[in-house]
Amino acid sequence: MAQMIIRLTPELVLMVTAFVVIGVDLYTRRRIARRLLPGISIVGLILAAVAAMAQWTVREPVAGTLAADAFAFYFKVVAAGLVIVVILAGTAYMQQRTRFLGEFYALLLAATVAVYIAVSANDLITLYLALETLSILSYVLTGFLRGDRRANEAAVKYFLYGAAASAVMLYGFSLLYGLTGTTQLEEIAQRLLAGEVTSELNWLAWPVVVLSLVGLGFKASLVPFHQWAPDAYEGAPTPVTMFLSTVSKATGFAVMARLLVIALPTLSQYWLALLYALSILTMTLANVIALRQENVKRMLAYSSVAHAGFILLGLVAITGLGSAQPFTGLDGVLMYVLGYTITNVGAFAVVAAVEDARGSTTLDDFAGLIHHSPFLAAAMLIFLLSLAGIPPLAGFVAKLFVFAPVIRSQYYVLAVVALVNAVIAAGYYLRVVKQMFFVPGDAATSTWRLARGMEVALWACLIGVFAVFFFMNGFTTWTVDAASAMLGL
Amino acid sequence: MAWFEQWVLTVILFWPLLAALVILWLPKTAEDRIRRFAVWSSVVPLVLSVLLGWDYYTRFLNGQGGIQYEVKVTWIPQLNAAYHLGVDGLSIPLIFLTSLLTTLSLYYSARVIRYRVKEYFFLFLILQTGMYGVFMALDLVLFYVFWEVGLVPMYFLIGIWGHDNREYAAIKFFLYTLVGSVAMLLAFLALYFAAGTFDILELMEKRPYEDNIWAASLVFFGIFLGLAIKVPSWPFHTWLPDAHTEAPTAGSVILAGILLKLGAYGFLRILLPILPTAFAYWGYLIVALGVISIVYGAFVCMAQTNVKRLIAYSSVSHMGYVLLGVGAAGVALSGQVSFFDRNSAALAMDGAMLQMFNHGIITGALFFLAGILYERAHTFDLRQFGGLSSKTPYFYGLFMVAGFAALGLPGLAGFWSEFFVFRGAFDIVRVWAAVGVIGIVVTAAYILWRVVMNVFLGEYDEARWGDKIWDLTGFEKATLWPLVALMVFIGVYPTPLVNFFNRAAVEILNQVGYMF
């Protein structure tokens, strides 16, 4: 019992922090609460990440439903870092738009708890509940600005899609339970392998894989389950977009990787084929649509859908699982998630800053940004180059680690599709760069001042974007360890 | 001089980056300080690269050759990727060329760039580090990183300080190069999985895919695409006329003078030594593309009215000689040619390398001259001018030297590279070389007929230009003289440069098993 509580410290710390935030918000004056709440939340997140470190070397399951391993630890640390950035960058933004800051932080922390449970869930029911909690909190966060009609529309759309997707996924899980009689991921794999599933039921393999992937594909915003994403990302308050497009998406991939690799290795021929198609579809469709966007927030929304397709490359090309070395595919997923989320959270932070100064986020609002705020423009440039995969930035490392397994598995068609997509993506990122640097802005809004939190958040992202490249060896060790821990190596 | 041995490359490589960071820290309004600082800071790598050449030359007189000044620090042990630098007779002259052209470009830009000064010099210095890195890297990851690092500053140089159609040219340049470089990255990964390392020297030893021509060709074409777009070879050249025409003067100089050499350098440093069988197998293809580039580029020049566009197409033509030389060496390796002088392969490669260097100084000078003309007349249209020979004799004189060097007049630098290329190639790929000679004739025609006749001869339009066009001023002379002097020096006494390159060519050919 005591052991179990120790294993659950990160989640408990976050829960307690969320309640403290609500309490402080209720019982202190608004002026004091305003100053205290971001600090309390950030401290809670740091403590949770530190507590998660105790799981670094542990591999034992907790109460049979959670796997507190290095794989989960990886996502927990990344998520904590990202949520801290969201809070730092989003505080000024939210303060201008709503009075209910306490609720915002509390919801964000609660969503993080759901993320923590989801990434370590080792059981279909826990997994489903964690994802559902995350989804419901995300709907609320998306519609957080009640007065904003676009936010309302986004929330409703997101909710309807999400409810349908998770129902479908639940149906898939129920079939899986029916086939194997268990909800525990490892046991599912064993029973499928042991041939306890009779051959008359083999036709169920496709429905199980497809239905389960619908729900996860929705979370990870894969085409064709992505339609909610551009609207939700565009309509939601920008800090919430930062959360959805990074933490929430990363969670989708963590869960997908664990479910497919741990529970369904025997069905790999089915899900590999499906993911192969989804990857090509996701990258290509999202990138082509992104080319035509005039609103930067929406462009980045499509871009983040496209990046989901790139992350899938790692899962599709999963190979050499027998040994703990780089370029096996699974470590590529982890590396891409890291490189992409650090960069993307920074890019959306810049969008939030521009939205604050200009009121909207069309390409024209970015015109001449270099003259209004050289720092913002330079930061955005670095984030966009990183998203395009240019070295020496995190996005390059990410691309390197997903392209490598693709080449190793000799999926040359997939490699060429990825190449073409990398170039298309660079094409629309450069449209923003062009606006920021080549087009003269209006002289009226001369220089902008950034909120302190925003500055800290941007610097953190910038340092992260460079660090992932320059300390590639350390990050490689980490991702390889995390990937092999999940596989029980 | 142990410290020199260990540190010279690293210092040359990162000095411009440090200088760029210092500029970032200077206030935007201190434009003169930024200009002065940028120019003076670039003297340090210039001096060091001269010392480097000197030191290497003495070593090689003592019988040492091959890769020297090696630095190898572990970077990503899991992937066998390292910070691995080293230079030989091929890279040292190119490093010197980079230093020289950058210093001259900065010196020239300090006087003609009038807006967004801080950004300009910052980006230019970053670009310099990227170029050095490519010529020094002995690790494919490092090579790729520096290859890409140069891309972004040049995109901005074209896009911000370029001419009318700059935004289109900038994005075209970026995307074209990116297609090639991502293909190259994929091919590098294939090499890694075949050999288990990213180290260029180890890969040369292991020669992955030597026994499987199909797989080797796939990898070959991945890398080939990246390099051929950069060189650029016909039919991948279409980004070049736009980029070179729209770039600011110094940007065109660096683009033509050095960035094109990155591609050619890749052929000699990576493609030929690591994939010799595929290279030999596809040798005729490279020769053919080279010859098509030579002839096609030259004929297109004949139709140009924009002087910068003309020089840009002449680059396509002149880089074709490099491909012809390199490809001829490949054909010789394949053993399909029975009767030929065994030295011809090395001579063709010598010619290719010489052409890389000479094209750098000649086209660099020509772009400076075109820029100088634009500063006065604000047009590149050849047809607008006439009779400048009497109005601006100094300008005319220097232009003639550079122009004659470009068309290969004996006594000037361009002659030797063409001579070596054709001397080597004629023995190996006779018919193709003979076709390539057409290019030389047409080059003479477009230089003399299109440029000299239109711009310098004829009647000076006093009513139109009056005193708007004046002769070279001090700083313009100072920018041009080093290049012109080099053209004459190499034209008269090419031996030192040929020694460097020949050594490298023989080493590469011996490495791939072509014994002399």
# chains A, B, ... in the order shown; residues from 1 in each chain; ligands from 1

call {"tool": "closest_atom_pairs", "arguments": {"of": "chain B", "to": "chain A", "cutoff": "7 Å", "atoms": "only C-alpha atoms", "output": "tab-separated table"}}
result
residue	atom	partner	partner_atom	distance
B:Trp75	CA	A:Asn473	CA	6.7
B:Ile76	CA	A:Asn473	CA	4.5
B:Pro77	CA	A:Asn473	CA	6.9
B:Gln78	CA	A:Pro326	CA	6.9
B:Val145	CA	A:Pro391	CA	5.5
B:Glu148	CA	A:Pro391	CA	6.5
B:Val149	CA	A:Pro391	CA	6.6
B:Gly159	CA	A:Phe438	CA	6.5
B:Ile160	CA	A:Phe438	CA	5.7
B:Leu175	CA	A:Val423	CA	6.4
B:Leu178	CA	A:Val423	CA	6.5
B:Val179	CA	A:Val423	CA	6.2
B:Val182	CA	A:Leu419	CA	6.2
B:Ala183	CA	A:Leu419	CA	6.9
B:Leu186	CA	A:Ile407	CA	7.0
B:Leu189	CA	A:Ala404	CA	5.9
B:Ala190	CA	A:Ile407	CA	6.2
B:Phe193	CA	A:Arg408	CA	6.5

call {"tool": "select_by_dssp", "arguments": {"residues": "segment 176-210 of chain A", "states": "alpha helix (DSSP H)", "output": "list of chain:residue names"}}
result
A:Leu176, A:Tyr177, A:Gly178, A:Leu179, A:Thr180, A:Leu185, A:Glu186, A:Glu187, A:Ile188, A:Ala189, A:Gln190, A:Arg191, A:Leu192, A:Leu193, A:Ala205, A:Trp206, A:Pro207, A:Val208, A:Val209, A:Val210

call {"tool": "write_last_selection", "arguments": {"atoms": "N, CA and C atoms", "output": "compact mmCIF listing (two decimals), in the first residue's frame"}}
result
# COMPACT_ATOMS: atom_id res chain seq x y z
N LEU A 176 -11.97 -6.38 -27.91
CA LEU A 176 -10.68 -6.92 -27.48
C LEU A 176 -10.87 -7.71 -26.18
N TYR A 177 -11.68 -7.15 -25.29
CA TYR A 177 -11.96 -7.84 -24.04
C TYR A 177 -12.70 -9.14 -24.32
N GLY A 178 -13.66 -9.05 -25.23
CA GLY A 178 -14.42 -10.25 -25.57
C GLY A 178 -13.54 -11.34 -26.13
N LEU A 179 -12.54 -10.96 -26.89
CA LEU A 179 -11.64 -11.94 -27.49
C LEU A 179 -10.74 -12.59 -26.46
N THR A 180 -10.25 -11.77 -25.52
CA THR A 180 -9.19 -12.28 -24.66
C THR A 180 -9.62 -12.46 -23.21
N LEU A 185 -2.89 -5.07 -20.48
CA LEU A 185 -2.26 -5.06 -21.80
C LEU A 185 -1.36 -6.26 -22.05
N GLU A 186 -0.49 -6.59 -21.07
CA GLU A 186 0.42 -7.71 -21.29
C GLU A 186 -0.33 -9.02 -21.43
N GLU A 187 -1.37 -9.17 -20.62
CA GLU A 187 -2.13 -10.43 -20.69
C GLU A 187 -2.85 -10.55 -22.03
N ILE A 188 -3.33 -9.42 -22.54
CA ILE A 188 -3.97 -9.46 -23.86
C ILE A 188 -2.99 -10.01 -24.88
N ALA A 189 -1.76 -9.51 -24.82
CA ALA A 189 -0.74 -9.97 -25.77
C ALA A 189 -0.51 -11.47 -25.61
N GLN A 190 -0.38 -11.89 -24.35
CA GLN A 190 -0.11 -13.32 -24.11
C GLN A 190 -1.23 -14.19 -24.64
N ARG A 191 -2.46 -13.79 -24.37
CA ARG A 191 -3.58 -14.65 -24.79
C ARG A 191 -3.72 -14.67 -26.31
N LEU A 192 -3.46 -13.52 -26.93
CA LEU A 192 -3.51 -13.51 -28.39
C LEU A 192 -2.42 -14.41 -28.96
N LEU A 193 -1.27 -14.38 -28.30
CA LEU A 193 -0.13 -15.16 -28.79
C LEU A 193 -0.35 -16.65 -28.53
N ALA A 205 -9.86 -9.26 -36.08
CA ALA A 205 -8.62 -8.49 -35.93
C ALA A 205 -8.75 -7.10 -36.54
N TRP A 206 -9.28 -7.03 -37.75
CA TRP A 206 -9.43 -5.72 -38.39
C TRP A 206 -10.32 -4.78 -37.57
N PRO A 207 -11.54 -5.23 -37.22
CA PRO A 207 -12.38 -4.32 -36.41
C PRO A 207 -11.69 -3.86 -35.14
N VAL A 208 -11.00 -4.75 -34.45
CA VAL A 208 -10.35 -4.35 -33.20
C VAL A 208 -9.34 -3.24 -33.45
N VAL A 209 -8.47 -3.47 -34.44
CA VAL A 209 -7.42 -2.49 -34.72
C VAL A 209 -8.02 -1.18 -35.20
N VAL A 210 -8.93 -1.26 -36.14
CA VAL A 210 -9.49 -0.03 -36.71
C VAL A 210 -10.24 0.77 -35.66

call {"tool": "residues_around", "arguments": {"residues": "Leu291 of chain A", "least_positions_apart": "2", "cutoff": "12 Å", "atoms": "only C-alpha atoms", "output": "JSON, numbers by chain"}}
result
{"A": [284, 285, 286, 287, 288, 289, 293, 294, 295, 296, 298, 299, 300, 301, 302, 303, 306, 421, 423, 424, 425, 426, 427, 428, 429, 430, 431, 432]}

call {"tool": "write_last_selection", "arguments": {"atoms": "C-alpha atoms", "output": "compact mmCIF listing (two decimals), in the first residue's frame"}}
result
# COMPACT_ATOMS: atom_id res chain seq x y z
CA THR A 284 0.10 15.07 -47.27
CA LEU A 285 -3.44 16.26 -46.74
CA ALA A 286 -2.66 18.50 -43.79
CA ASN A 287 0.35 20.06 -45.49
CA VAL A 288 -1.48 20.78 -48.70
CA ILE A 289 -4.33 22.45 -46.83
CA GLN A 293 -4.18 29.23 -44.92
CA GLU A 294 -4.15 32.97 -44.36
CA ASN A 295 -4.43 32.74 -40.58
CA VAL A 296 -1.21 31.79 -38.88
CA ARG A 298 -4.89 27.92 -38.34
CA MET A 299 -1.83 27.29 -40.49
CA LEU A 300 0.05 26.06 -37.44
CA ALA A 301 -2.98 23.94 -36.54
CA TYR A 302 -2.76 22.14 -39.87
CA SER A 303 0.99 21.98 -39.50
CA ALA A 306 0.94 17.13 -40.46
CA ASN A 421 6.10 16.83 -47.30
CA VAL A 423 9.54 20.61 -48.48
CA ILE A 424 5.87 21.56 -48.71
CA ALA A 425 5.89 22.36 -45.00
CA ALA A 426 8.96 24.55 -45.41
CA GLY A 427 7.03 26.35 -48.15
CA TYR A 428 4.29 27.56 -45.83
CA TYR A 429 6.57 28.23 -42.89
CA LEU A 430 8.50 30.53 -45.18
CA ARG A 431 5.32 32.45 -45.96
CA VAL A 432 5.27 33.51 -42.32

call {"tool": "residues_around", "arguments": {"residues": "segment 64-70 of chain B", "least_positions_apart": "6", "cutoff": "6 Å", "atoms": "only C-alpha atoms", "output": "CSV table (one decimal) with C-alpha atoms, in the first residue's frame"}}
result
chain,number,residue,atom,x,y,z
B,5,GLU,CA,47.7,21.6,-35.6
B,85,LEU,CA,37.3,17.9,-39.1
B,86,GLY,CA,40.2,17.6,-41.4
B,87,VAL,CA,41.5,19.2,-44.6
B,88,ASP,CA,43.6,18.1,-47.6

call {"tool": "residues_around", "arguments": {"residues": "Val261 of chain A", "least_positions_apart": "3", "cutoff": "10 Å", "atoms": "only C-alpha atoms", "output": "list in words"}}
result
Leu185, Glu186, Ala189, Val255, Met256, Ala257, Arg258, Leu264, Pro265, Thr266, Leu267, Ser268, Leu315, Ile318, Leu321, Leu330, Met486 and Leu487 of chain A

call {"tool": "write_last_selection", "arguments": {"atoms": "C-alpha atoms", "output": "CSV table (one decimal), in the first residue's frame"}}
result
chain,number,residue,atom,x,y,z
A,185,LEU,CA,-2.3,-5.1,-21.8
A,186,GLU,CA,0.4,-7.7,-21.3
A,189,ALA,CA,-0.7,-10.0,-25.8
A,255,VAL,CA,-1.0,5.6,-25.4
A,256,MET,CA,-1.0,4.5,-29.0
A,257,ALA,CA,2.6,3.2,-28.8
A,258,ARG,CA,1.9,1.3,-25.6
A,264,LEU,CA,-1.2,-6.0,-30.0
A,265,PRO,CA,2.2,-7.2,-31.3
A,266,THR,CA,0.5,-10.2,-32.8
A,267,LEU,CA,-1.7,-8.0,-34.9
A,268,SER,CA,1.1,-5.8,-36.0
A,315,LEU,CA,5.7,3.7,-35.4
A,318,ILE,CA,9.3,0.1,-35.9
A,321,LEU,CA,12.9,-4.2,-31.0
A,330,LEU,CA,10.0,3.8,-31.0
A,486,MET,CA,8.5,0.0,-22.2
A,487,LEU,CA,9.5,-3.1,-24.0

call {"tool": "select_by_dssp", "arguments": {"residues": "segment 32-272 of chain A", "states": "strand (DSSP E)", "output": "list in words"}}
result
Pro61, Val62, Leu66 and Ala67 of chain A
